[in-house]
Every structure is written in C-alpha cells, then in structure tokens.
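Chemist: Contents of entry.txt (compact mmCIF, N, CA and C atoms):
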```
# COMPACT_ATOMS: atom_id res chain seq x y z
N MET O 1 0.82 -1.20 0.00
CA MET O 1 0.00 0.00 0.00
C MET O 1 0.86 1.26 0.00
N SER O 2 2.00 1.21 0.69
CA SER O 2 2.83 2.42 0.71
C SER O 2 3.50 2.66 -0.64
N ALA O 3 3.55 1.63 -1.51
CA ALA O 3 4.10 1.83 -2.85
C ALA O 3 3.27 2.87 -3.61
N LEU O 4 1.98 2.83 -3.43
CA LEU O 4 1.11 3.82 -4.08
C LEU O 4 1.37 5.23 -3.54
N LEU O 5 1.65 5.33 -2.26
CA LEU O 5 1.97 6.64 -1.70
C LEU O 5 3.30 7.17 -2.25
N TRP O 6 4.29 6.29 -2.36
CA TRP O 6 5.56 6.71 -2.95
C TRP O 6 5.38 7.13 -4.41
N LEU O 7 4.57 6.38 -5.16
CA LEU O 7 4.30 6.75 -6.56
C LEU O 7 3.59 8.09 -6.65
N ALA O 8 2.61 8.31 -5.78
CA ALA O 8 1.90 9.58 -5.78
C ALA O 8 2.85 10.73 -5.44
N ALA O 9 3.74 10.51 -4.46
CA ALA O 9 4.72 11.54 -4.11
C ALA O 9 5.66 11.82 -5.27
N ALA O 10 6.08 10.77 -5.97
CA ALA O 10 6.97 10.94 -7.12
C ALA O 10 6.30 11.76 -8.22
N ILE O 11 5.03 11.46 -8.48
CA ILE O 11 4.31 12.19 -9.53
C ILE O 11 4.15 13.66 -9.14
N VAL O 12 3.81 13.90 -7.88
CA VAL O 12 3.69 15.29 -7.42
C VAL O 12 5.03 16.02 -7.56
N LEU O 13 6.12 15.36 -7.23
CA LEU O 13 7.45 15.98 -7.36
C LEU O 13 7.80 16.27 -8.82
N VAL O 14 7.46 15.35 -9.71
CA VAL O 14 7.74 15.58 -11.14
C VAL O 14 6.93 16.77 -11.65
N VAL O 15 5.67 16.86 -11.27
CA VAL O 15 4.84 17.99 -11.70
C VAL O 15 5.38 19.29 -11.12
N ALA O 16 5.79 19.27 -9.85
CA ALA O 16 6.35 20.48 -9.24
C ALA O 16 7.65 20.88 -9.92
N GLU O 17 8.43 19.90 -10.39
CA GLU O 17 9.69 20.20 -11.08
C GLU O 17 9.45 20.97 -12.36
N MET O 18 8.32 20.73 -13.00
CA MET O 18 8.01 21.44 -14.24
C MET O 18 7.93 22.94 -14.02
N PHE O 19 7.59 23.36 -12.82
CA PHE O 19 7.48 24.78 -12.53
C PHE O 19 8.78 25.37 -12.04
N GLY O 20 9.68 24.55 -11.54
CA GLY O 20 10.95 25.04 -10.99
C GLY O 20 12.10 24.96 -11.97
N GLY O 21 12.35 23.77 -12.50
CA GLY O 21 13.40 23.59 -13.49
C GLY O 21 14.80 23.49 -12.93
N GLU O 22 14.97 23.32 -11.62
CA GLU O 22 16.30 23.23 -11.03
C GLU O 22 16.79 21.79 -10.90
N LEU O 23 15.96 20.82 -11.24
CA LEU O 23 16.25 19.39 -11.22
C LEU O 23 16.38 18.80 -9.81
N VAL O 24 16.15 19.57 -8.77
CA VAL O 24 16.21 19.02 -7.41
C VAL O 24 15.00 18.14 -7.16
N LEU O 25 13.83 18.64 -7.46
CA LEU O 25 12.62 17.86 -7.22
C LEU O 25 12.56 16.62 -8.10
N LEU O 26 13.15 16.70 -9.29
CA LEU O 26 13.20 15.53 -10.16
C LEU O 26 14.08 14.44 -9.55
N MET O 27 15.18 14.82 -8.92
CA MET O 27 16.04 13.84 -8.26
C MET O 27 15.32 13.21 -7.06
N LEU O 28 14.57 14.02 -6.33
CA LEU O 28 13.79 13.49 -5.22
C LEU O 28 12.70 12.54 -5.73
N ALA O 29 12.13 12.86 -6.88
CA ALA O 29 11.13 11.98 -7.48
C ALA O 29 11.77 10.63 -7.84
N GLY O 30 13.02 10.67 -8.29
CA GLY O 30 13.74 9.42 -8.56
C GLY O 30 13.88 8.58 -7.30
N GLY O 31 14.17 9.23 -6.18
CA GLY O 31 14.24 8.51 -4.91
C GLY O 31 12.90 7.92 -4.52
N ALA O 32 11.83 8.67 -4.76
CA ALA O 32 10.49 8.17 -4.43
C ALA O 32 10.12 6.99 -5.33
N PHE O 33 10.50 7.04 -6.60
CA PHE O 33 10.25 5.89 -7.49
C PHE O 33 11.04 4.67 -7.02
N ALA O 34 12.27 4.87 -6.57
CA ALA O 34 13.07 3.75 -6.06
C ALA O 34 12.43 3.14 -4.82
N ALA O 35 11.96 3.99 -3.92
CA ALA O 35 11.29 3.49 -2.71
C ALA O 35 10.02 2.74 -3.07
N ALA O 36 9.28 3.22 -4.07
CA ALA O 36 8.07 2.52 -4.50
C ALA O 36 8.44 1.16 -5.09
N GLY O 37 9.52 1.12 -5.85
CA GLY O 37 9.96 -0.15 -6.44
C GLY O 37 10.36 -1.16 -5.37
N VAL O 38 11.08 -0.70 -4.35
CA VAL O 38 11.47 -1.59 -3.25
C VAL O 38 10.24 -2.12 -2.53
N ASP O 39 9.27 -1.24 -2.30
CA ASP O 39 8.06 -1.66 -1.61
C ASP O 39 7.23 -2.61 -2.47
N PHE O 40 7.26 -2.43 -3.77
CA PHE O 40 6.49 -3.29 -4.67
C PHE O 40 7.08 -4.70 -4.73
N VAL O 41 8.43 -4.78 -4.79
CA VAL O 41 9.10 -6.07 -4.91
C VAL O 41 9.14 -6.80 -3.57
N TRP O 42 9.48 -6.09 -2.54
CA TRP O 42 9.67 -6.70 -1.21
C TRP O 42 9.09 -5.72 -0.20
N GLU O 43 8.23 -6.12 0.65
CA GLU O 43 7.57 -5.20 1.57
C GLU O 43 8.40 -5.05 2.84
N PRO O 44 9.38 -4.14 2.81
CA PRO O 44 10.22 -3.94 4.00
C PRO O 44 9.53 -2.99 4.98
N PRO O 45 10.12 -2.82 6.14
CA PRO O 45 9.58 -1.82 7.08
C PRO O 45 9.68 -0.41 6.47
N LEU O 46 8.89 0.49 6.98
CA LEU O 46 8.84 1.85 6.46
C LEU O 46 10.18 2.55 6.55
N TRP O 47 10.96 2.28 7.59
CA TRP O 47 12.26 2.95 7.72
C TRP O 47 13.21 2.53 6.61
N VAL O 48 13.08 1.29 6.09
CA VAL O 48 13.93 0.84 4.98
C VAL O 48 13.54 1.59 3.71
N GLU O 49 12.26 1.76 3.50
CA GLU O 49 11.80 2.53 2.34
C GLU O 49 12.31 3.97 2.42
N GLY O 50 12.23 4.55 3.60
CA GLY O 50 12.74 5.91 3.79
C GLY O 50 14.23 5.99 3.55
N LEU O 51 14.97 4.97 3.98
CA LEU O 51 16.41 4.92 3.74
C LEU O 51 16.72 4.81 2.25
N VAL O 52 15.98 3.96 1.53
CA VAL O 52 16.15 3.83 0.08
C VAL O 52 15.88 5.17 -0.59
N PHE O 53 14.79 5.82 -0.19
CA PHE O 53 14.47 7.14 -0.74
C PHE O 53 15.61 8.12 -0.51
N ALA O 54 16.13 8.19 0.71
CA ALA O 54 17.19 9.14 1.04
C ALA O 54 18.48 8.85 0.27
N VAL O 55 18.88 7.59 0.24
CA VAL O 55 20.15 7.22 -0.41
C VAL O 55 20.07 7.48 -1.92
N VAL O 56 19.01 7.03 -2.54
CA VAL O 56 18.87 7.23 -3.99
C VAL O 56 18.76 8.71 -4.32
N SER O 57 18.02 9.47 -3.53
CA SER O 57 17.88 10.91 -3.78
C SER O 57 19.23 11.61 -3.67
N VAL O 58 20.00 11.30 -2.63
CA VAL O 58 21.32 11.93 -2.46
C VAL O 58 22.25 11.54 -3.59
N LEU O 59 22.25 10.27 -3.98
CA LEU O 59 23.10 9.85 -5.11
C LEU O 59 22.72 10.58 -6.40
N LEU O 60 21.44 10.71 -6.65
CA LEU O 60 20.99 11.43 -7.85
C LEU O 60 21.38 12.90 -7.78
N LEU O 61 21.22 13.51 -6.61
CA LEU O 61 21.57 14.93 -6.45
C LEU O 61 23.06 15.16 -6.63
N VAL O 62 23.88 14.23 -6.14
CA VAL O 62 25.33 14.41 -6.18
C VAL O 62 25.91 13.99 -7.53
N ALA O 63 25.42 12.90 -8.10
CA ALA O 63 26.04 12.35 -9.30
C ALA O 63 25.36 12.77 -10.61
N VAL O 64 24.05 12.78 -10.62
CA VAL O 64 23.33 12.99 -11.89
C VAL O 64 23.01 14.47 -12.13
N ARG O 65 22.57 15.17 -11.11
CA ARG O 65 22.13 16.56 -11.28
C ARG O 65 23.20 17.47 -11.86
N PRO O 66 24.47 17.44 -11.37
CA PRO O 66 25.47 18.33 -11.96
C PRO O 66 25.71 18.07 -13.45
N VAL O 67 25.70 16.82 -13.83
CA VAL O 67 25.90 16.48 -15.25
C VAL O 67 24.71 16.97 -16.07
N ALA O 68 23.51 16.75 -15.57
CA ALA O 68 22.31 17.19 -16.29
C ALA O 68 22.27 18.71 -16.41
N LYS O 69 22.62 19.42 -15.33
CA LYS O 69 22.65 20.90 -15.37
C LYS O 69 23.66 21.39 -16.39
N ARG O 70 24.83 20.75 -16.42
CA ARG O 70 25.88 21.16 -17.36
C ARG O 70 25.39 21.00 -18.80
N HIS O 71 24.69 19.91 -19.07
CA HIS O 71 24.17 19.69 -20.42
C HIS O 71 23.06 20.67 -20.76
N MET O 72 22.27 21.05 -19.78
CA MET O 72 21.21 22.01 -20.03
C MET O 72 21.76 23.40 -20.30
N LEU O 73 22.85 23.78 -19.64
CA LEU O 73 23.39 25.13 -19.76
C LEU O 73 24.33 25.30 -20.95
N ASN O 74 24.89 24.21 -21.47
CA ASN O 74 25.87 24.31 -22.54
C ASN O 74 25.28 24.08 -23.92
N ARG O 75 24.00 24.30 -24.06
CA ARG O 75 23.41 24.17 -25.38
C ARG O 75 23.84 25.34 -26.24
N PRO O 76 24.19 25.10 -27.49
CA PRO O 76 24.58 26.22 -28.35
C PRO O 76 23.40 27.14 -28.61
N ALA O 77 23.70 28.42 -28.61
CA ALA O 77 22.65 29.41 -28.85
C ALA O 77 22.23 29.37 -30.32
N VAL O 78 20.97 29.43 -30.54
CA VAL O 78 20.43 29.47 -31.90
C VAL O 78 19.95 30.90 -32.13
N LEU O 79 20.57 31.56 -33.09
CA LEU O 79 20.16 32.92 -33.40
C LEU O 79 18.84 32.90 -34.15
N MET O 80 17.95 33.78 -33.76
CA MET O 80 16.62 33.82 -34.35
C MET O 80 16.35 35.22 -34.89
N ASN O 81 15.40 35.30 -35.78
CA ASN O 81 14.88 36.56 -36.31
C ASN O 81 16.00 37.44 -36.85
N THR O 82 16.00 38.71 -36.47
CA THR O 82 16.97 39.64 -37.04
C THR O 82 18.39 39.39 -36.54
N GLU O 83 18.55 38.77 -35.38
CA GLU O 83 19.90 38.46 -34.88
C GLU O 83 20.62 37.51 -35.83
N ALA O 84 19.88 36.64 -36.50
CA ALA O 84 20.48 35.68 -37.42
C ALA O 84 20.98 36.34 -38.70
N LEU O 85 20.52 37.56 -38.98
CA LEU O 85 20.92 38.23 -40.22
C LEU O 85 22.23 38.99 -40.08
N GLU O 86 22.59 39.37 -38.86
CA GLU O 86 23.83 40.14 -38.67
C GLU O 86 25.03 39.29 -39.05
N GLY O 87 25.88 39.87 -39.89
CA GLY O 87 27.07 39.16 -40.37
C GLY O 87 26.86 38.43 -41.68
N ARG O 88 25.63 38.36 -42.16
CA ARG O 88 25.36 37.66 -43.42
C ARG O 88 25.69 38.52 -44.62
N ALA O 89 25.94 37.87 -45.73
CA ALA O 89 26.21 38.57 -46.98
C ALA O 89 24.89 39.00 -47.61
N ALA O 90 24.94 40.12 -48.33
CA ALA O 90 23.76 40.64 -49.03
C ALA O 90 24.21 41.22 -50.35
N ILE O 91 23.26 41.41 -51.25
CA ILE O 91 23.53 42.03 -52.56
C ILE O 91 22.67 43.27 -52.68
N VAL O 92 23.27 44.37 -53.07
CA VAL O 92 22.55 45.63 -53.23
C VAL O 92 21.68 45.52 -54.48
N THR O 93 20.38 45.81 -54.34
CA THR O 93 19.46 45.79 -55.48
C THR O 93 19.10 47.20 -55.93
N GLU O 94 19.10 48.16 -55.02
CA GLU O 94 18.92 49.58 -55.34
C GLU O 94 19.99 50.34 -54.59
N LYS O 95 20.47 51.45 -55.19
CA LYS O 95 21.54 52.24 -54.60
C LYS O 95 21.31 52.48 -53.11
N VAL O 96 22.36 52.20 -52.30
CA VAL O 96 22.27 52.37 -50.85
C VAL O 96 23.16 53.54 -50.44
N ASP O 97 22.57 54.46 -49.68
CA ASP O 97 23.34 55.57 -49.12
C ASP O 97 23.02 55.67 -47.64
N GLN O 98 23.31 56.82 -47.05
CA GLN O 98 23.10 56.96 -45.60
C GLN O 98 21.63 57.01 -45.20
N HIS O 99 20.72 57.21 -46.19
CA HIS O 99 19.31 57.34 -45.86
C HIS O 99 18.45 56.19 -46.36
N ASP O 100 18.77 55.64 -47.53
CA ASP O 100 17.84 54.70 -48.15
C ASP O 100 18.59 53.75 -49.08
N GLY O 101 17.88 52.71 -49.49
CA GLY O 101 18.39 51.75 -50.43
C GLY O 101 17.73 50.40 -50.19
N ARG O 102 18.06 49.43 -51.04
CA ARG O 102 17.49 48.08 -50.90
C ARG O 102 18.61 47.06 -51.09
N VAL O 103 18.55 46.00 -50.27
CA VAL O 103 19.47 44.89 -50.40
C VAL O 103 18.69 43.60 -50.35
N LYS O 104 19.28 42.56 -50.94
CA LYS O 104 18.67 41.23 -50.90
C LYS O 104 19.50 40.38 -49.94
N ILE O 105 18.84 39.95 -48.85
CA ILE O 105 19.49 39.10 -47.85
C ILE O 105 18.80 37.74 -47.94
N GLY O 106 19.55 36.73 -48.35
CA GLY O 106 18.92 35.44 -48.60
C GLY O 106 17.96 35.60 -49.76
N GLY O 107 16.68 35.40 -49.55
CA GLY O 107 15.69 35.60 -50.61
C GLY O 107 14.80 36.79 -50.37
N ASP O 108 15.11 37.59 -49.35
CA ASP O 108 14.23 38.70 -48.97
C ASP O 108 14.86 40.04 -49.30
N ILE O 109 14.03 40.98 -49.71
CA ILE O 109 14.47 42.36 -49.97
C ILE O 109 14.25 43.18 -48.70
N TRP O 110 15.31 43.87 -48.28
CA TRP O 110 15.27 44.71 -47.07
C TRP O 110 15.61 46.14 -47.43
N SER O 111 14.99 47.08 -46.72
CA SER O 111 15.46 48.45 -46.83
C SER O 111 16.82 48.49 -46.15
N ALA O 112 17.69 49.39 -46.62
CA ALA O 112 19.06 49.40 -46.11
C ALA O 112 19.61 50.82 -46.10
N ARG O 113 20.64 50.99 -45.29
CA ARG O 113 21.44 52.21 -45.29
C ARG O 113 22.87 51.80 -45.00
N THR O 114 23.79 52.69 -45.36
CA THR O 114 25.20 52.37 -45.16
C THR O 114 25.64 52.66 -43.73
N MET O 115 26.66 51.94 -43.31
CA MET O 115 27.22 52.19 -41.99
C MET O 115 28.00 53.50 -42.00
N ASP O 116 28.70 53.75 -43.10
CA ASP O 116 29.46 54.99 -43.26
C ASP O 116 28.57 56.01 -43.97
N PRO O 117 28.25 57.15 -43.33
CA PRO O 117 27.34 58.13 -43.94
C PRO O 117 27.84 58.69 -45.27
N ALA O 118 29.12 58.69 -45.50
CA ALA O 118 29.66 59.27 -46.74
C ALA O 118 29.67 58.27 -47.89
N GLU O 119 29.40 57.03 -47.62
CA GLU O 119 29.51 55.99 -48.64
C GLU O 119 28.22 55.82 -49.42
N VAL O 120 28.35 55.56 -50.73
CA VAL O 120 27.22 55.24 -51.60
C VAL O 120 27.58 53.93 -52.29
N ILE O 121 26.69 52.94 -52.20
CA ILE O 121 26.97 51.61 -52.76
C ILE O 121 26.01 51.36 -53.91
N GLU O 122 26.56 51.00 -55.05
CA GLU O 122 25.78 50.80 -56.27
C GLU O 122 25.17 49.39 -56.32
N PRO O 123 24.09 49.22 -57.12
CA PRO O 123 23.45 47.91 -57.27
C PRO O 123 24.43 46.86 -57.80
N GLY O 124 24.25 45.62 -57.32
CA GLY O 124 25.11 44.51 -57.73
C GLY O 124 26.30 44.29 -56.82
N THR O 125 26.54 45.22 -55.91
CA THR O 125 27.69 45.12 -55.01
C THR O 125 27.36 44.17 -53.87
N HIS O 126 28.34 43.35 -53.51
CA HIS O 126 28.19 42.46 -52.35
C HIS O 126 28.56 43.22 -51.09
N VAL O 127 27.70 43.14 -50.08
CA VAL O 127 27.92 43.84 -48.82
C VAL O 127 27.70 42.86 -47.66
N THR O 128 28.04 43.32 -46.47
CA THR O 128 27.83 42.54 -45.26
C THR O 128 26.86 43.30 -44.36
N VAL O 129 25.90 42.57 -43.79
CA VAL O 129 24.94 43.18 -42.86
C VAL O 129 25.64 43.34 -41.51
N VAL O 130 25.76 44.57 -41.05
CA VAL O 130 26.41 44.86 -39.78
C VAL O 130 25.41 44.77 -38.63
N GLN O 131 24.22 45.31 -38.83
CA GLN O 131 23.19 45.24 -37.81
C GLN O 131 21.84 45.46 -38.46
N ILE O 132 20.79 45.11 -37.73
CA ILE O 132 19.43 45.39 -38.16
C ILE O 132 18.89 46.46 -37.22
N ASP O 133 18.51 47.59 -37.80
CA ASP O 133 18.00 48.72 -37.03
C ASP O 133 16.52 48.88 -37.37
N GLY O 134 15.65 48.30 -36.55
CA GLY O 134 14.23 48.30 -36.86
C GLY O 134 13.98 47.38 -38.03
N ALA O 135 13.51 47.97 -39.16
CA ALA O 135 13.29 47.19 -40.37
C ALA O 135 14.32 47.55 -41.44
N THR O 136 15.43 48.13 -41.01
CA THR O 136 16.48 48.57 -41.96
C THR O 136 17.76 47.82 -41.67
N ALA O 137 18.36 47.31 -42.73
CA ALA O 137 19.66 46.63 -42.61
C ALA O 137 20.75 47.69 -42.75
N VAL O 138 21.65 47.73 -41.79
CA VAL O 138 22.81 48.60 -41.87
C VAL O 138 23.92 47.76 -42.49
N VAL O 139 24.43 48.22 -43.65
CA VAL O 139 25.38 47.39 -44.40
C VAL O 139 26.74 48.07 -44.53
N TRP O 140 27.72 47.24 -44.84
CA TRP O 140 29.10 47.69 -44.98
C TRP O 140 29.71 46.96 -46.16
N ARG O 141 30.46 47.69 -46.98
CA ARG O 141 31.14 47.09 -48.10
C ARG O 141 32.56 46.72 -47.67
N PRO O 142 32.89 45.43 -47.62
CA PRO O 142 34.23 45.04 -47.19
C PRO O 142 35.30 45.42 -48.19
```
Now, as a test, write the supplied structure out as structure tokens.
Modeler:
Amino acid sequence: MSALLWLAAAIVLVVAEMFGGELVLLMLAGGAFAAAGVDFVWEPPLWVEGLVFAVVSVLLLVAVRPVAKRHMLNRPAVLMNTEALEGRAAIVTEKVDQHDGRVKIGGDIWSARTMDPAEVIEPGTHVTVVQIDGATAVVWRP
C-alpha cells in the first residue's frame, strides 16, 4: 500500500519540477520511485523505504544533477529573427546611401542604409549586414 503513496509523491514531485526547473525535485522523485519499487518487490519496514528514498535521492543529487545541469546550460545558442541576419552577406538591389536603399538578404528584400554616412553603394555590389535597425539593414562594403 505504501508503494502507491511513494508513486503519488513521485508524480507530485515531477509535476512540481516542471514549474521550478532546477532538477532538485526531479532527483527526489527518482528517490520516491526507487522506494516505490522496493516496496512493490519486497515489503520492507517503512524505515527501509525511507532509507532507500534518502540514499537514492542523495546519489541522484550528487552524481546525476550536476551532469544534467551542465548539459542544459551548454546548449549552443540558436540565433533567431533579425539576430540571425547580422554578419550575413547581401547584394545591393537599389543604390544604398546613408538614408535609403534596398538589399537582398537570402531571398528577402530589405530596406538598407550604409554604416558609413559618406559611402554610396551601387546595385550589384556584395555587402555585409552589420546590424538590423528596426526594419532597416545597416550594411558595410568590405
């Protein structure tokens, strides 16, 4: 009967972990699952189940959690939206100066202006997108 209580505790801990994300409650849920398994296979006294819960939880917290946290934090950043355009090559489609112009970045046409106010870039020139300022690409001719 206490196996069901351990399972219920484990499920509550897993659900609570979804709101926290620190992996502590998930490790405790692992201990609760282990205690439920011990109770299901062999019905020991309650103190043995508590000991299994404590030992497994501590082992998970010490051995598994640091590795899991490291993997969660070391994911490579994926650039999205306009951040992904900075540094990309573009082709000038209409003359670009300090105020106006058009460039083709990938398959899209963007309004553009030059990084250097004195520079004028003619159509057909390859440029590099330095930054995106609102809906305008700031470009530079290397």
Chemist: For the contact check between segment 48-68 of chain O and segment 9-32 of chain O, emit one row per residue of segment 48-68 of chain O within 5 Å, containing the shortest atom pair and the distance in Å rounded to one decimal, counting all atoms listed in the file, chain then rising number order, as a tab-separated table.
Modeler:
```
residue	atom	partner	partner_atom	distance
O:Phe53	CA	O:Gly31	C	4.2
O:Val56	C	O:Gly31	CA	4.6
O:Ser57	N	O:Gly31	CA	4.1
```
Chemist: Could you name the residues that touch Gly101 of chain O at 7 Å or less, counting only N, CA and C atoms, but leaving out those on the same chain fewer than 2 positions away, as a PyMOL selection string?
Modeler: chain O and resi 93-97+99+103+110-113
Chemist: Given the selection you just returned, output its residues as a file containing N, CA and C atoms, formatted as an mmCIF file, in the coordinates of the input.
Modeler:
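New file again-v8.cif:
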```cif
data_model
loop_
_atom_site.group_PDB
_atom_site.id
_atom_site.type_symbol
_atom_site.label_atom_id
_atom_site.label_comp_id
_atom_site.auth_asym_id
_atom_site.auth_seq_id
_atom_site.Cartn_x
_atom_site.Cartn_y
_atom_site.Cartn_z
ATOM 1 N N THR O 93 20.380 45.810 -54.340
ATOM 2 C CA THR O 93 19.460 45.790 -55.480
ATOM 3 C C THR O 93 19.100 47.200 -55.930
ATOM 4 N N GLU O 94 19.100 48.160 -55.020
ATOM 5 C CA GLU O 94 18.920 49.580 -55.340
ATOM 6 C C GLU O 94 19.990 50.340 -54.590
ATOM 7 N N LYS O 95 20.470 51.450 -55.190
ATOM 8 C CA LYS O 95 21.540 52.240 -54.600
ATOM 9 C C LYS O 95 21.310 52.480 -53.110
ATOM 10 N N VAL O 96 22.360 52.200 -52.300
ATOM 11 C CA VAL O 96 22.270 52.370 -50.850
ATOM 12 C C VAL O 96 23.160 53.540 -50.440
ATOM 13 N N ASP O 97 22.570 54.460 -49.680
ATOM 14 C CA ASP O 97 23.340 55.570 -49.120
ATOM 15 C C ASP O 97 23.020 55.670 -47.640
ATOM 16 N N HIS O 99 20.720 57.210 -46.190
ATOM 17 C CA HIS O 99 19.310 57.340 -45.860
ATOM 18 C C HIS O 99 18.450 56.190 -46.360
ATOM 19 N N VAL O 103 18.550 46.000 -50.270
ATOM 20 C CA VAL O 103 19.470 44.890 -50.400
ATOM 21 C C VAL O 103 18.690 43.600 -50.350
ATOM 22 N N TRP O 110 15.310 43.870 -48.280
ATOM 23 C CA TRP O 110 15.270 44.710 -47.070
ATOM 24 C C TRP O 110 15.610 46.140 -47.430
ATOM 25 N N SER O 111 14.990 47.080 -46.720
ATOM 26 C CA SER O 111 15.460 48.450 -46.830
ATOM 27 C C SER O 111 16.820 48.490 -46.150
ATOM 28 N N ALA O 112 17.690 49.390 -46.620
ATOM 29 C CA ALA O 112 19.060 49.400 -46.110
ATOM 30 C C ALA O 112 19.610 50.820 -46.100
ATOM 31 N N ARG O 113 20.640 50.990 -45.290
ATOM 32 C CA ARG O 113 21.440 52.210 -45.290
ATOM 33 C C ARG O 113 22.870 51.800 -45.000
#
```
Chemist: May I ask for the distance between atom C of Glu83 of chain O and atom N of Ile132 of chain O, given in Å to one decimal place?
Modeler: 7.8 Å
Chemist: Rounded to one decimal place, report the atom CA of Val41 of chain O-atom CA of Leu61 of chain O distance in Å.
Modeler: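 Separating atom CA of Val41 of chain O from atom CA of Leu61 of chain O is a distance of 24.5 Å.
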Chemist: To one decimal in Å, tell me the separation between atom N of Leu5 of chain O and atom N of Phe40 of chain O.
Modeler: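 For atom N of Leu5 of chain O relative to atom N of Phe40 of chain O, the distance reads 9.7 Å.
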Chemist: Step one, run DSSP on the backbone; step two, keep only residues of chain O assigned to strand (DSSP E); then write them as a PyMOL selection string.
Modeler: chain O and resi 89-94+102-105+108-114+126-133+136-140
Chemist: Could you pull out the residues in segment 11-118 of chain O that DSSP calls helix (DSSP H, G or I) from the backbone, as a PyMOL selection string?
Modeler: chain O and resi 11-20+24-41+46-73+81-84
Chemist: Near Ile105 of chain O, within 8 Å and counting only N, CA and C atoms, which residues show up once chain neighbours fewer than 3 positions away are dropped, as a PyMOL selection string?
Modeler: chain O and resi 85+88-92+102+108-110
Chemist: Smallest atom-to-atom distance to Arg141 of chain O: which of O:Pro123, O:Met115, O:Arg70, O:Ala35, using only N, CA and C atoms?
Modeler: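 Among the listed residues, O:Met115 lies closest to Arg141 of chain O.
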Chemist: Please enclose the listed atoms of segment 39-51 of chain O in an axis-aligned box, pad each side by 8 Å, and write out the centre and the three edge lengths in Å, rounded to one decimal, as JSON.
Modeler:
```
{"center_x": 11.6, "center_y": -0.4, "center_z": 1.4, "size_x": 26.2, "size_y": 28.8, "size_z": 28.6}
```
Chemist: Which residue, O:Val67, O:Leu59, O:Val139, O:Ala84, has the smallest gap to Pro117 of chain O when you use only C-alpha atoms?
Modeler: O:Val139
Chemist: Nearest to Ala3 of chain O: which of O:Glu119, O:Asp133, O:Glu49, O:Asp39 is it, counting all atoms listed in the file?
Modeler: O:Asp39
Chemist: Using only N, CA and C atoms, pick whichever of O:Gly37, O:Pro142, O:Gly87, O:Asn81 has the shortest atom-to-atom distance to Val129 of chain O.
Modeler: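 Closest residue, counting only N, CA and C atoms: O:Gly87.
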